[in-house]
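Participant: Here you go, this is start_17.tsv (TSV, C-alpha atoms).
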chain	number	residue	atom	x	y	z
A	1	MET	CA	-123.25	-67.79	-86.57
A	2	GLY	CA	-119.48	-68.31	-86.72
A	3	TYR	CA	-117.06	-69.71	-84.15
A	4	ARG	CA	-113.62	-68.86	-82.81
A	5	PHE	CA	-110.99	-71.24	-84.21
A	6	LEU	CA	-107.48	-71.53	-82.77
A	7	ARG	CA	-104.81	-73.64	-84.51
A	8	PHE	CA	-101.45	-74.79	-83.12
A	9	SER	CA	-98.89	-75.81	-85.74
A	10	PRO	CA	-95.29	-77.13	-85.63
A	11	VAL	CA	-92.36	-75.96	-87.75
A	12	TYR	CA	-89.31	-77.92	-88.91
A	13	ALA	CA	-86.47	-76.60	-86.73
A	14	GLY	CA	-84.04	-76.32	-89.65
A	15	TYR	CA	-86.33	-73.90	-91.42
A	16	ILE	CA	-86.59	-71.55	-88.44
A	17	TYR	CA	-82.82	-71.04	-88.55
A	18	GLN	CA	-83.04	-70.29	-92.28
A	19	PHE	CA	-85.90	-67.86	-91.76
A	20	LEU	CA	-84.38	-65.92	-88.87
A	21	SER	CA	-80.97	-65.72	-90.59
A	22	LYS	CA	-82.59	-63.71	-93.39
A	23	ILE	CA	-83.98	-61.13	-90.94
A	24	PRO	CA	-81.03	-59.43	-89.22
A	25	ASP	CA	-83.28	-57.32	-86.97
A	26	HIS	CA	-85.62	-60.16	-85.92
A	27	GLU	CA	-84.89	-59.68	-82.21
A	28	SER	CA	-86.27	-56.13	-82.34
A	29	LEU	CA	-89.48	-57.03	-84.16
A	30	SER	CA	-92.85	-57.47	-82.52
A	31	TYR	CA	-94.56	-60.85	-82.57
A	32	GLU	CA	-97.10	-59.64	-85.14
A	33	GLU	CA	-94.32	-58.41	-87.43
A	34	LEU	CA	-92.50	-61.74	-87.15
A	35	TYR	CA	-95.68	-63.72	-87.75
A	36	LYS	CA	-96.58	-61.69	-90.84
A	37	LYS	CA	-93.11	-62.16	-92.33
A	38	PHE	CA	-93.22	-65.89	-91.64
A	39	ILE	CA	-96.67	-66.33	-93.20
A	40	GLN	CA	-95.45	-64.53	-96.33
A	41	THR	CA	-92.84	-67.27	-96.88
A	42	ARG	CA	-95.74	-69.72	-97.45
A	43	TYR	CA	-94.09	-72.40	-95.34
A	44	SER	CA	-96.13	-75.63	-95.19
A	45	THR	CA	-99.84	-74.79	-94.78
A	46	SER	CA	-99.07	-71.10	-94.08
A	47	ASP	CA	-102.40	-69.36	-93.42
A	48	PHE	CA	-104.37	-71.61	-95.78
A	49	TYR	CA	-106.69	-72.91	-93.03
A	50	GLU	CA	-107.25	-69.45	-91.66
A	51	ARG	CA	-108.03	-67.57	-94.89
A	52	ASN	CA	-110.48	-70.25	-96.08
A	53	LEU	CA	-112.27	-70.75	-92.76
A	54	LYS	CA	-112.78	-66.99	-92.49
A	55	GLU	CA	-114.82	-67.21	-95.70
A	56	HIS	CA	-117.42	-69.12	-93.64
A	57	GLY	CA	-117.78	-66.25	-91.15
A	58	ASN	CA	-115.41	-67.53	-88.47
A	59	GLU	CA	-112.72	-65.82	-86.38
A	60	VAL	CA	-109.41	-67.63	-86.82
A	61	GLN	CA	-105.98	-67.47	-85.16
A	62	GLN	CA	-102.84	-69.59	-85.55
A	63	PHE	CA	-99.75	-70.03	-83.36
A	64	TYR	CA	-96.56	-71.91	-84.21
A	65	SER	CA	-96.40	-73.67	-80.87
A	66	SER	CA	-93.06	-75.45	-81.39
A	67	VAL	CA	-91.11	-72.29	-82.25
A	68	GLU	CA	-89.59	-71.00	-79.01
A	69	PHE	CA	-88.52	-67.64	-80.46
A	70	PHE	CA	-92.03	-66.88	-81.79
A	71	GLN	CA	-93.82	-68.05	-78.67
A	72	LYS	CA	-91.64	-66.07	-76.29
A	73	ALA	CA	-92.04	-62.99	-78.51
A	74	TRP	CA	-95.81	-63.37	-78.18
A	75	ALA	CA	-95.51	-63.77	-74.40
A	76	ARG	CA	-93.32	-60.65	-74.19
A	77	ASP	CA	-95.73	-58.54	-76.24
A	78	ASN	CA	-98.73	-59.75	-74.23
A	79	SER	CA	-97.07	-59.48	-70.78
A	80	VAL	CA	-97.46	-63.21	-70.19
A	81	SER	CA	-95.15	-64.88	-67.69
A	82	PHE	CA	-93.97	-68.47	-68.01
A	83	ARG	CA	-91.65	-70.92	-66.30
A	84	THR	CA	-88.27	-71.19	-68.05
A	85	ASN	CA	-88.33	-74.98	-68.04
A	86	ASN	CA	-91.99	-75.15	-69.05
A	87	TRP	CA	-92.40	-72.31	-71.53
A	88	TYR	CA	-94.06	-74.52	-74.15
A	89	LYS	CA	-97.05	-75.55	-72.07
A	90	ASP	CA	-97.40	-72.30	-70.11
A	91	ILE	CA	-97.56	-70.16	-73.24
A	92	ILE	CA	-100.04	-72.26	-75.20
A	93	ILE	CA	-102.38	-72.41	-72.19
A	94	SER	CA	-102.13	-68.61	-71.90
A	95	GLN	CA	-102.91	-68.31	-75.63
A	96	VAL	CA	-106.01	-70.47	-75.23
A	97	ILE	CA	-107.25	-68.46	-72.25
A	98	GLN	CA	-106.60	-65.13	-73.96
A	99	TYR	CA	-108.10	-66.07	-77.33
A	100	GLN	CA	-111.17	-67.87	-75.87
A	101	PRO	CA	-111.68	-70.33	-78.76
A	102	ASP	CA	-114.69	-72.53	-79.42
A	103	ILE	CA	-112.44	-74.85	-81.43
A	104	ILE	CA	-108.79	-75.82	-80.83
A	105	PHE	CA	-107.18	-77.47	-83.86
A	106	LEU	CA	-103.92	-79.36	-83.28
A	107	ASN	CA	-101.42	-79.94	-86.06
A	108	ASP	CA	-98.77	-80.08	-83.32
A	109	ILE	CA	-100.40	-83.28	-82.10
A	110	TYR	CA	-97.35	-85.03	-80.61
A	111	LYS	CA	-96.15	-82.25	-78.31
A	112	ILE	CA	-99.67	-81.25	-77.35
A	113	ASN	CA	-100.26	-84.78	-76.09
A	114	ARG	CA	-103.06	-86.16	-73.96
A	115	ASP	CA	-101.58	-84.82	-70.70
A	116	VAL	CA	-101.21	-81.32	-72.17
A	117	ARG	CA	-104.71	-81.49	-73.63
A	118	ASN	CA	-106.09	-82.40	-70.21
A	119	GLU	CA	-104.28	-79.42	-68.67
A	120	ILE	CA	-105.76	-77.14	-71.33
A	121	ARG	CA	-109.27	-78.39	-70.56
A	122	GLU	CA	-108.72	-77.90	-66.80
A	123	ALA	CA	-107.28	-74.39	-67.20
A	124	TYR	CA	-109.88	-73.20	-69.72
A	125	ASP	CA	-113.37	-72.95	-68.24
A	126	LYS	CA	-115.16	-73.35	-71.56
A	127	ASN	CA	-116.51	-76.61	-73.02
A	128	VAL	CA	-114.05	-76.38	-75.89
A	129	ILE	CA	-113.93	-78.75	-78.87
A	130	ILE	CA	-110.43	-80.09	-79.56
A	131	ILE	CA	-109.62	-81.51	-83.00
A	132	GLY	CA	-106.41	-83.27	-84.01
A	133	SER	CA	-104.80	-83.93	-87.39
A	134	LEU	CA	-102.32	-86.76	-87.98
A	135	THR	CA	-100.75	-88.40	-91.04
A	136	ALA	CA	-97.42	-89.55	-89.54
A	137	TYR	CA	-97.29	-93.11	-88.22
A	138	THR	CA	-98.23	-93.94	-84.63
A	139	ASN	CA	-98.23	-97.17	-82.63
A	140	ASP	CA	-100.91	-95.95	-80.26
A	141	PHE	CA	-104.07	-94.81	-82.00
A	142	ALA	CA	-106.03	-95.00	-78.74
A	143	SER	CA	-103.94	-92.19	-77.24
A	144	PHE	CA	-106.02	-89.77	-79.34
A	145	ASN	CA	-109.52	-90.95	-78.37
A	146	ASP	CA	-109.96	-88.00	-75.97
A	147	LEU	CA	-110.22	-85.69	-78.98
A	148	ASP	CA	-113.60	-84.60	-80.27
A	149	LEU	CA	-112.48	-85.30	-83.84
A	150	MET	CA	-109.38	-86.91	-85.35
A	151	ILE	CA	-108.62	-86.01	-88.97
A	152	THR	CA	-106.28	-88.10	-91.13
A	153	GLY	CA	-105.42	-88.40	-94.80
A	154	VAL	CA	-104.40	-92.08	-94.62
A	155	PRO	CA	-107.24	-94.60	-95.19
A	156	SER	CA	-105.71	-97.26	-92.91
A	157	PHE	CA	-105.27	-94.66	-90.16
A	158	TYR	CA	-108.95	-93.80	-90.39
A	159	GLU	CA	-109.80	-97.45	-89.76
A	160	ASN	CA	-107.31	-97.72	-86.88
A	161	PHE	CA	-108.53	-94.52	-85.24
A	162	THR	CA	-112.11	-95.71	-85.48
A	163	LYS	CA	-111.24	-99.09	-83.95
A	164	ALA	CA	-109.45	-97.27	-81.12
A	165	GLY	CA	-112.61	-95.37	-80.22
A	166	CYS	CA	-111.80	-92.08	-81.95
A	167	ASN	CA	-114.34	-89.98	-83.80
A	168	ALA	CA	-112.31	-90.08	-87.03
A	169	TYR	CA	-112.68	-88.20	-90.29
A	170	PHE	CA	-110.82	-88.92	-93.53
A	171	MET	CA	-109.54	-85.88	-95.42
A	172	PRO	CA	-106.57	-85.86	-97.85
A	173	PHE	CA	-104.09	-83.00	-98.10
A	174	ALA	CA	-104.67	-80.16	-100.57
A	175	PHE	CA	-103.22	-77.26	-102.58
A	176	GLU	CA	-103.82	-73.55	-102.03
A	177	LYS	CA	-104.79	-72.18	-105.44
A	178	THR	CA	-103.89	-68.57	-104.57
A	179	LEU	CA	-100.24	-69.67	-104.55
A	180	LEU	CA	-100.34	-69.55	-108.33
A	181	ASN	CA	-100.38	-65.75	-108.04
A	182	GLU	CA	-97.17	-65.79	-105.96
A	183	ILE	CA	-95.03	-68.52	-107.51
A	184	THR	CA	-92.20	-67.42	-109.80
A	185	ARG	CA	-92.57	-69.50	-112.97
A	186	GLN	CA	-90.34	-69.27	-116.03
A	187	LYS	CA	-91.76	-69.58	-119.51
A	188	THR	CA	-89.84	-72.83	-120.04
A	189	PRO	CA	-88.98	-75.07	-117.05
A	190	ASP	CA	-85.20	-75.26	-116.62
A	191	ILE	CA	-85.05	-78.27	-114.25
A	192	ASP	CA	-85.46	-81.62	-116.01
A	193	PHE	CA	-86.31	-83.82	-113.05
A	194	ALA	CA	-86.52	-82.94	-109.35
A	195	PHE	CA	-87.16	-84.30	-105.90
A	196	MET	CA	-87.82	-82.16	-102.82
A	197	GLY	CA	-88.04	-83.94	-99.50
A	198	SER	CA	-86.27	-85.80	-96.70
A	199	LEU	CA	-83.84	-88.59	-97.57
A	200	GLY	CA	-82.98	-89.99	-94.15
A	201	ASN	CA	-79.69	-91.88	-93.99
A	202	GLY	CA	-80.41	-95.15	-95.76
A	203	ILE	CA	-80.79	-97.18	-92.57
A	204	ASP	CA	-84.14	-95.89	-91.30
A	205	ASN	CA	-87.77	-95.73	-92.48
A	206	PHE	CA	-86.59	-93.74	-95.51
A	207	SER	CA	-84.40	-96.63	-96.66
A	208	LEU	CA	-86.50	-97.53	-99.73
A	209	ARG	CA	-86.63	-93.86	-100.74
A	210	TYR	CA	-82.87	-93.51	-100.24
A	211	ALA	CA	-82.15	-96.53	-102.46
A	212	LEU	CA	-84.56	-95.26	-105.15
A	213	ILE	CA	-82.91	-91.82	-105.19
A	214	ASP	CA	-79.52	-93.54	-105.49
A	215	ASP	CA	-80.72	-95.42	-108.61
A	216	LEU	CA	-82.21	-92.24	-110.08
A	217	LEU	CA	-79.02	-90.25	-109.48
A	218	LYS	CA	-77.12	-92.93	-111.42
A	219	ASN	CA	-79.57	-93.15	-114.32
A	220	THR	CA	-81.48	-89.86	-114.70
A	221	PRO	CA	-80.72	-86.11	-114.50
A	222	ILE	CA	-82.53	-85.79	-111.14
A	223	THR	CA	-81.69	-82.83	-108.88
A	224	VAL	CA	-82.45	-83.24	-105.17
A	225	TRP	CA	-83.25	-80.70	-102.46
A	226	GLY	CA	-83.41	-82.33	-99.05
A	227	ASP	CA	-81.82	-83.35	-95.78
A	228	ILE	CA	-79.51	-86.32	-95.55
A	229	GLU	CA	-79.06	-87.42	-91.95
A	230	ASP	CA	-75.68	-88.36	-90.51
A	231	LYS	CA	-75.27	-92.13	-90.80
A	232	ARG	CA	-72.23	-92.43	-88.52
A	233	LEU	CA	-72.78	-94.69	-85.51
A	234	SER	CA	-70.51	-95.63	-82.63
A	235	GLY	CA	-68.27	-98.66	-83.14
A	236	PHE	CA	-70.46	-101.14	-81.26
A	237	ASP	CA	-73.72	-99.88	-82.80
A	238	MET	CA	-72.26	-100.00	-86.31
A	239	THR	CA	-70.93	-103.54	-85.78
A	240	ALA	CA	-74.35	-104.66	-84.54
A	241	LEU	CA	-76.06	-103.00	-87.51
A	242	ASN	CA	-73.71	-104.70	-89.98
A	243	TYR	CA	-74.33	-108.15	-88.49
A	244	SER	CA	-78.07	-107.50	-88.43
A	245	TYR	CA	-77.94	-106.42	-92.09
A	246	LYS	CA	-76.21	-109.67	-93.13
A	247	ILE	CA	-78.78	-111.78	-91.28
A	248	ASN	CA	-81.63	-109.75	-92.81
A	249	LYS	CA	-80.23	-110.37	-96.29
A	250	MET	CA	-80.24	-114.09	-95.61
A	251	MET	CA	-83.80	-113.98	-94.20
A	252	ASN	CA	-84.93	-111.93	-97.17
A	253	PHE	CA	-83.46	-114.58	-99.49
A	254	PHE	CA	-85.72	-117.12	-97.78
A	255	ARG	CA	-88.67	-114.71	-98.25
A	256	ILE	CA	-89.17	-113.93	-94.55
A	257	SER	CA	-91.22	-110.74	-94.56
A	258	THR	CA	-90.03	-107.39	-93.26
A	259	ASP	CA	-93.00	-107.27	-90.86
A	260	ILE	CA	-91.80	-110.47	-89.18
A	261	ARG	CA	-88.16	-109.33	-89.11
A	262	LYS	CA	-89.14	-106.05	-87.44
A	263	LYS	CA	-90.51	-107.98	-84.46
A	264	ILE	CA	-87.31	-109.92	-83.74
A	265	PRO	CA	-84.81	-108.32	-81.32
A	266	PHE	CA	-81.44	-107.47	-82.92
A	267	ILE	CA	-82.75	-108.53	-86.37
A	268	ARG	CA	-85.01	-105.48	-86.43
A	269	LEU	CA	-81.97	-103.16	-86.29
A	270	ALA	CA	-81.46	-103.51	-90.06
A	271	ALA	CA	-84.92	-104.71	-91.10
A	272	ASN	CA	-85.44	-101.49	-93.08
A	273	CYS	CA	-82.00	-101.43	-94.74
A	274	VAL	CA	-82.09	-101.79	-98.53
A	275	LEU	CA	-78.52	-100.63	-99.06
A	276	ASP	CA	-75.48	-101.80	-97.10
A	277	PRO	CA	-75.18	-99.62	-93.93
A	278	ASN	CA	-71.63	-98.75	-95.04
A	279	TYR	CA	-72.82	-97.35	-98.37
A	280	PRO	CA	-71.47	-93.78	-98.69
A	281	ALA	CA	-73.80	-90.86	-97.98
A	282	LEU	CA	-75.41	-89.73	-101.24
A	283	ASN	CA	-74.40	-86.10	-100.77
A	284	THR	CA	-70.73	-87.18	-100.72
A	285	ILE	CA	-71.17	-89.07	-104.02
A	286	TYR	CA	-73.25	-86.36	-105.74
A	287	PRO	CA	-72.32	-83.07	-104.03
A	288	ASP	CA	-73.41	-80.98	-107.03
A	289	ARG	CA	-76.84	-82.57	-107.35
A	290	ILE	CA	-78.02	-82.73	-103.73
A	291	HIS	CA	-78.80	-79.34	-102.18
A	292	ARG	CA	-80.08	-78.00	-98.88
A	293	PRO	CA	-83.80	-78.37	-98.19
A	294	ILE	CA	-86.06	-75.65	-99.57
A	295	PHE	CA	-89.41	-74.50	-98.24
A	296	GLY	CA	-92.32	-72.22	-98.96
A	297	LEU	CA	-92.29	-70.13	-102.13
A	298	GLU	CA	-88.79	-71.35	-103.00
A	299	TYR	CA	-90.08	-74.93	-102.83
A	300	TYR	CA	-93.20	-74.24	-104.89
A	301	SER	CA	-91.24	-72.25	-107.48
A	302	ALA	CA	-88.69	-75.05	-107.91
A	303	MET	CA	-91.57	-77.46	-108.54
A	304	ALA	CA	-93.22	-75.10	-111.01
A	305	ASN	CA	-89.93	-74.80	-112.91
A	306	SER	CA	-89.35	-78.55	-113.14
A	307	LYS	CA	-90.43	-80.65	-116.10
A	308	ILE	CA	-91.00	-83.66	-113.84
A	309	VAL	CA	-91.23	-83.95	-110.05
A	310	LEU	CA	-90.75	-87.22	-108.20
A	311	ASN	CA	-93.02	-88.34	-105.39
A	312	VAL	CA	-92.17	-91.33	-103.22
A	313	HIS	CA	-93.94	-92.29	-100.01
A	314	HIS	CA	-92.14	-93.74	-97.04
A	315	GLY	CA	-92.64	-95.61	-93.81
A	316	GLU	CA	-95.51	-97.41	-92.14
A	317	ASN	CA	-98.13	-94.77	-92.92
A	318	SER	CA	-98.12	-95.24	-96.67
A	319	SER	CA	-97.06	-98.78	-97.59
A	320	LYS	CA	-100.34	-99.21	-99.49
A	321	PHE	CA	-101.85	-95.73	-99.71
A	322	ALA	CA	-101.12	-92.45	-101.47
A	323	ALA	CA	-101.29	-89.91	-98.69
A	324	ASN	CA	-98.68	-87.12	-98.74
A	325	MET	CA	-98.72	-83.40	-99.45
A	326	ARG	CA	-96.38	-83.57	-102.46
A	327	LEU	CA	-99.10	-85.22	-104.57
A	328	PHE	CA	-101.13	-82.03	-104.48
A	329	GLU	CA	-98.33	-79.48	-104.26
A	330	ALA	CA	-96.61	-80.75	-107.43
A	331	THR	CA	-99.78	-81.15	-109.50
A	332	GLY	CA	-101.10	-77.85	-108.18
A	333	THR	CA	-98.04	-75.95	-109.42
A	334	GLY	CA	-98.54	-77.45	-112.89
A	335	THR	CA	-95.63	-79.84	-113.12
A	336	CYS	CA	-95.75	-83.44	-114.34
A	337	LEU	CA	-95.76	-85.69	-111.27
A	338	ILE	CA	-94.35	-89.21	-111.28
A	339	THR	CA	-95.40	-91.07	-108.13
A	340	ASP	CA	-95.15	-94.56	-106.67
A	341	TRP	CA	-98.25	-96.63	-107.40
A	342	LYS	CA	-100.68	-97.01	-104.49
A	343	GLU	CA	-103.95	-98.88	-104.37
A	344	ASN	CA	-106.05	-95.80	-103.58
A	345	LEU	CA	-104.36	-93.44	-106.04
A	346	SER	CA	-107.22	-93.67	-108.54
A	347	THR	CA	-109.55	-92.10	-105.94
A	348	LEU	CA	-107.39	-88.95	-106.08
A	349	PHE	CA	-106.01	-88.84	-109.64
A	350	GLU	CA	-106.37	-90.76	-112.88
A	351	PRO	CA	-103.12	-92.78	-113.07
A	352	ASP	CA	-101.00	-92.18	-116.17
A	353	THR	CA	-103.42	-89.50	-117.36
A	354	GLU	CA	-103.23	-86.91	-114.56
A	355	VAL	CA	-100.12	-88.30	-112.83
A	356	VAL	CA	-97.57	-90.91	-113.94
A	357	THR	CA	-97.03	-94.01	-111.79
A	358	TYR	CA	-94.19	-96.46	-111.21
A	359	ARG	CA	-93.81	-99.64	-109.14
A	360	ASP	CA	-90.02	-99.88	-108.93
A	361	ALA	CA	-86.83	-98.02	-109.81
A	362	THR	CA	-86.52	-99.64	-113.24
A	363	GLU	CA	-90.00	-98.53	-114.29
A	364	CYS	CA	-89.44	-95.05	-112.84
A	365	ILE	CA	-86.21	-94.58	-114.81
A	366	LYS	CA	-87.84	-95.81	-118.02
A	367	LYS	CA	-90.83	-93.49	-117.67
A	368	VAL	CA	-88.75	-90.43	-116.73
A	369	LYS	CA	-86.62	-90.87	-119.84
A	370	TYR	CA	-89.75	-91.27	-121.98
A	371	LEU	CA	-91.38	-88.16	-120.55
A	372	LEU	CA	-88.26	-86.05	-121.09
A	373	GLU	CA	-88.15	-87.21	-124.72
A	374	ASN	CA	-91.87	-86.53	-125.29
A	375	PRO	CA	-92.63	-83.00	-124.06
A	376	ALA	CA	-96.12	-82.75	-125.58
A	377	GLU	CA	-97.31	-85.84	-123.71
A	378	ARG	CA	-95.58	-84.72	-120.52
A	379	GLU	CA	-97.17	-81.28	-120.65
A	380	ALA	CA	-100.62	-82.77	-121.30
A	381	ILE	CA	-100.32	-84.90	-118.16
A	382	ALA	CA	-99.10	-81.90	-116.16
A	383	LYS	CA	-102.06	-79.81	-117.33
A	384	ALA	CA	-104.58	-82.57	-116.57
A	385	GLY	CA	-103.08	-83.11	-113.12
A	386	GLN	CA	-103.26	-79.42	-112.30
A	387	GLN	CA	-106.86	-79.18	-113.50
A	388	ARG	CA	-107.81	-82.14	-111.27
A	389	THR	CA	-106.14	-80.63	-108.23
A	390	LEU	CA	-107.73	-77.21	-108.75
A	391	LYS	CA	-111.10	-78.91	-109.20
A	392	ASP	CA	-111.06	-81.47	-106.37
A	393	HIS	CA	-108.12	-80.88	-104.02
A	394	THR	CA	-107.98	-77.27	-102.85
A	395	TYR	CA	-107.89	-75.86	-99.32
A	396	GLU	CA	-111.07	-74.00	-100.18
A	397	LEU	CA	-112.85	-77.36	-100.55
A	398	ARG	CA	-111.12	-79.03	-97.59
A	399	MET	CA	-111.94	-76.15	-95.23
A	400	ALA	CA	-115.57	-76.29	-96.33
A	401	GLU	CA	-115.52	-79.94	-95.20
A	402	ILE	CA	-113.92	-79.07	-91.87
A	403	ASN	CA	-116.38	-76.22	-91.35
A	404	LYS	CA	-119.27	-78.63	-91.90
A	405	GLU	CA	-117.84	-81.17	-89.42
A	406	ILE	CA	-117.20	-78.46	-86.81
A	407	ASN	CA	-120.77	-77.22	-87.06
A	408	LYS	CA	-121.98	-80.79	-86.47
A	409	LEU	CA	-119.86	-80.96	-83.31
A	410	LEU	CA	-121.08	-77.55	-82.14
A	411	SER	CA	-124.72	-78.54	-82.62
A	412	LYS	CA	-124.13	-81.57	-80.34
A	413	LYS	CA	-122.52	-79.37	-77.68
Go ahead and express the file in the form of C-alpha cells.

Facilitator:
Amino acid sequence: MGYRFLRFSPVYAGYIYQFLSKIPDHESLSYEELYKKFIQTRYSTSDFYERNLKEHGNEVQQFYSSVEFFQKAWARDNSVSFRTNNWYKDIIISQVIQYQPDIIFLNDIYKINRDVRNEIREAYDKNVIIIGSLTAYTNDFASFNDLDLMITGVPSFYENFTKAGCNAYFMPFAFEKTLLNEITRQKTPDIDFAFMGSLGNGIDNFSLRYALIDDLLKNTPITVWGDIEDKRLSGFDMTALNYSYKINKMMNFFRISTDIRKKIPFIRLAANCVLDPNYPALNTIYPDRIHRPIFGLEYYSAMANSKIVLNVHHGENSSKFAANMRLFEATGTGTCLITDWKENLSTLFEPDTEVVTYRDATECIKKVKYLLENPAEREAIAKAGQQRTLKDHTYELRMAEINKEINKLLSKK
C-alpha cells in the first residue's frame, strides 16, 4: 500500500526572475500551468523525486515554498486566504491540510524551521512523518532532532546529526537518467573547459574556489557561468577587513590554522581570504569569459557540450568530503569531470579512471592541459564516469532507498 508524499523545495531567487521574464503572460496563467512550465525547465531536482517515488505506488506532490509568485497563485486558484505579512507559513500549512500527506519532505529546511514544523504538526490533525534533507553547513545540528528522519549527503554531517540525537540517513546526490533524452548535445563538444556554479566574492566561504578560478582563468581556456557577488564594503568595514587580512597573512606564515583564526574576534573577518580583499572582481578582469548563471536544461546542455567540467567544493561542509550535486550532474551528462580530491571520493567514483582529481591549482592546470591534448584518454574517462553514475548514482536508485526508509518509519507509526 502506498503513501501520500508532499515535498517543499526552495528556488534560487535569481532564477525565478529569469524564468518569469521568459513568460510574458505569466500573471494570467493558472498555478498548474506555471508549475508545469517550471518543471519542464528541469531546474535543480525538478520532478525527479516525484516521478521515481510514483513508481513505488505512491501519490506525490511538490510545492516550491520559497517562491512567492507560485505560492500566491496556488492560494488564488484554491481560494485560500493568507495574511500579507505571513503568506509563507499560512500557505504551506493550507497546502498540508488540503493535500493530507502521510509524509512531508523538506528540502526548504531553513525556512521551514523547528517553529514552523511545530505549527504544521499542531494545525494538521494527522500523525505525519516529517523528513528533512540538508547538505549545506549548519552550526546547530540539534535544531533538527524533532524530525523523524534527517537525510544528508555529507559523511561528517551524518555523524554530527547522529550525535545531536537525530535519526540520520546518509544518501549522496544523484543524476536523473531521463535527462539524457532532453539534453541538446552536439556531435563534438565545442567548449574546452567549463565551470558552472557560484563564485562568491573572494572574501567569503568561496574564497578558495575564487582563487582557484582566478588561476585557471590565467592558465587555461576555462569558461565560467556563475554569480560573482559584489565585494564593495563601506569604508570602515573595508579598512577592518584589510587590517584583518594582513594579520591573517602573518599568522598563516607562522602556521596558525584557519580553524583557530576563525575563533578570534576581528581576526576571523579575513580568515577565509586567500586573495587580497582589494583584488579586482573576476568578471571585471575577464568580462568575456564569465557569464550569467545558467540552470536546468541550459546548464545540463552546457556540461554535455564541454570537453572537461571543473568541480570544486567549498566551505565547512566539504573540507574533507566529496558531497555536491555537480559530481553526478557532470558525469551523468557524459563529460570528463576534474574534481578536487576528497578522502571519500573512491566510495563514489574510481579516481583518475572515472573522474580526474587534483589537490591544488598547479596540478589542476597540468591535468587540464594534458586532457585537452589527449582526447582519446579524456573521452574514455568521461565514458567510464557516465557508466558509473548511470549504474550507481541515479534518482531511481536513491528514491528506492528513500521509499524503503519511509516504509520503515510507517511500520513504526

Participant: Of the residues A:Gly226, A:Pro277, A:Pro265, A:Pro189, which is the one nearest to Ala302 in chain A, using all atoms listed in the file?

Facilitator: A:Pro189

Participant: So, with all atoms listed in the file as the atoms that count, which of A:Cys273, A:Ile267, A:Met303, A:Ala174 lies closest to Phe48 in chain A?

Facilitator: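 So, comparing all the options, the nearest one is A:Ala174.
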
Participant: Wanna dump the range 155-188 of chain A-range 386-391 of chain A contacts at 10 Å for me, each residue with its shortest atom pair and the distance in Å to one decimal, counting only C-alpha atoms, ordered by chain and number, as a Markdown table?

Facilitator:
| residue | atom | partner | partner_atom | distance |
| --- | --- | --- | --- | --- |
| A:Ala174 | CA | A:Thr389 | CA | 7.8 |
| A:Phe175 | CA | A:Thr389 | CA | 7.2 |
| A:Glu176 | CA | A:Leu390 | CA | 8.6 |
| A:Lys177 | CA | A:Leu390 | CA | 6.7 |

Participant: What lies within 9 Å of Ala384 in chain A using only C-alpha atoms, ignoring chain neighbours under 6 positions off, as a ChimeraX atom specification?

Facilitator: /A:331,334,353-355

Participant: Centre and edge lengths, as lines of an AutoDock Vina configuration file, for the axis-aligned box enclosing every listed atom of range 369-382 of chain A with 6 Å of padding on each of the six sides, in Å to one decimal?

Facilitator:
center_x = -93.6
center_y = -86.3
center_z = -120.9
size_x = 26.0
size_y = 22.0
size_z = 21.4

Participant: Using only C-alpha atoms, which of A:Ile91, A:Met196, A:Val11, A:Ala376 sits nearest Asn107 in chain A?

Facilitator: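 Between A:Ile91, A:Met196, A:Val11, A:Ala376, the residue approaching Asn107 in chain A most closely is A:Val11.
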
Participant: Between CA of Tyr124 in chain A and CA of Phe105 in chain A, what distance in Å does the model show, to one decimal?

Facilitator: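 Atom-to-atom, CA of Tyr124 in chain A and CA of Phe105 in chain A are spaced 15.0 Å apart.
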
Participant: Can you tell me, as a list in words, what residues are no more than 10 Å from Tyr286 in chain A when counting only C-alpha atoms, ignoring any on the same chain fewer than 5 positions away?

Facilitator: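 Using only C-alpha atoms, the neighbours found are Asp214, Leu217, Lys218, Thr223, Val224, Ala281 and His291 of chain A.
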
Participant: If I take CA of Asp102 in chain A and CA of Ile130 in chain A, how far is one from the other in Å, to one decimal?

Facilitator: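 Computing it gives 8.7 Å between the two atoms.
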
Participant: With all atoms listed in the file as the basis for distance, which of A:Ile23, A:Ile290, A:Leu29, A:Val154 is at the shortest distance from Phe173 in chain A?

Facilitator: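 That would be A:Val154, the residue with the smallest distance to Phe173 in chain A.
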
Participant: Could you check the closest approach to Asn283 in chain A for each of A:Phe295, A:Tyr243, A:Phe141, A:Trp225 and tell me which residue wins, using all atoms listed in the file?

Facilitator: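 Counting all atoms listed in the file, the residue closest to Asn283 in chain A is A:Trp225.
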
Participant: Identify which of the residues A:Ala13, A:Ile222, A:Val60, A:Ala271 lies closest to Val368 in chain A, counting all atoms listed in the file when measuring atom-to-atom distances.

Facilitator: A:Ile222

Participant: Around the point (-97.1, -74.4, -71.1) in the file's coordinates, collect all residues with an atom within 10 Å, using only C-alpha atoms, and return them as a PyMOL selection string.

Facilitator: chain A and resi 65+82-95+112+116+119-120

Participant: Counting all atoms listed in the file, note down every residue that has an atom within 7 Å of the point (-110.6, -71.3, -100.0) (file coordinates), as an mmCIF file with C-alpha atoms, in the frame of the given file.

Facilitator:
data_model
loop_
_atom_site.group_PDB
_atom_site.id
_atom_site.type_symbol
_atom_site.label_atom_id
_atom_site.label_comp_id
_atom_site.auth_asym_id
_atom_site.auth_seq_id
_atom_site.Cartn_x
_atom_site.Cartn_y
_atom_site.Cartn_z
ATOM 1 C CA ARG A 51 -108.030 -67.570 -94.890
ATOM 2 C CA ASN A 52 -110.480 -70.250 -96.080
ATOM 3 C CA TYR A 395 -107.890 -75.860 -99.320
ATOM 4 C CA GLU A 396 -111.070 -74.000 -100.180
ATOM 5 C CA LEU A 397 -112.850 -77.360 -100.550
ATOM 6 C CA MET A 399 -111.940 -76.150 -95.230
#
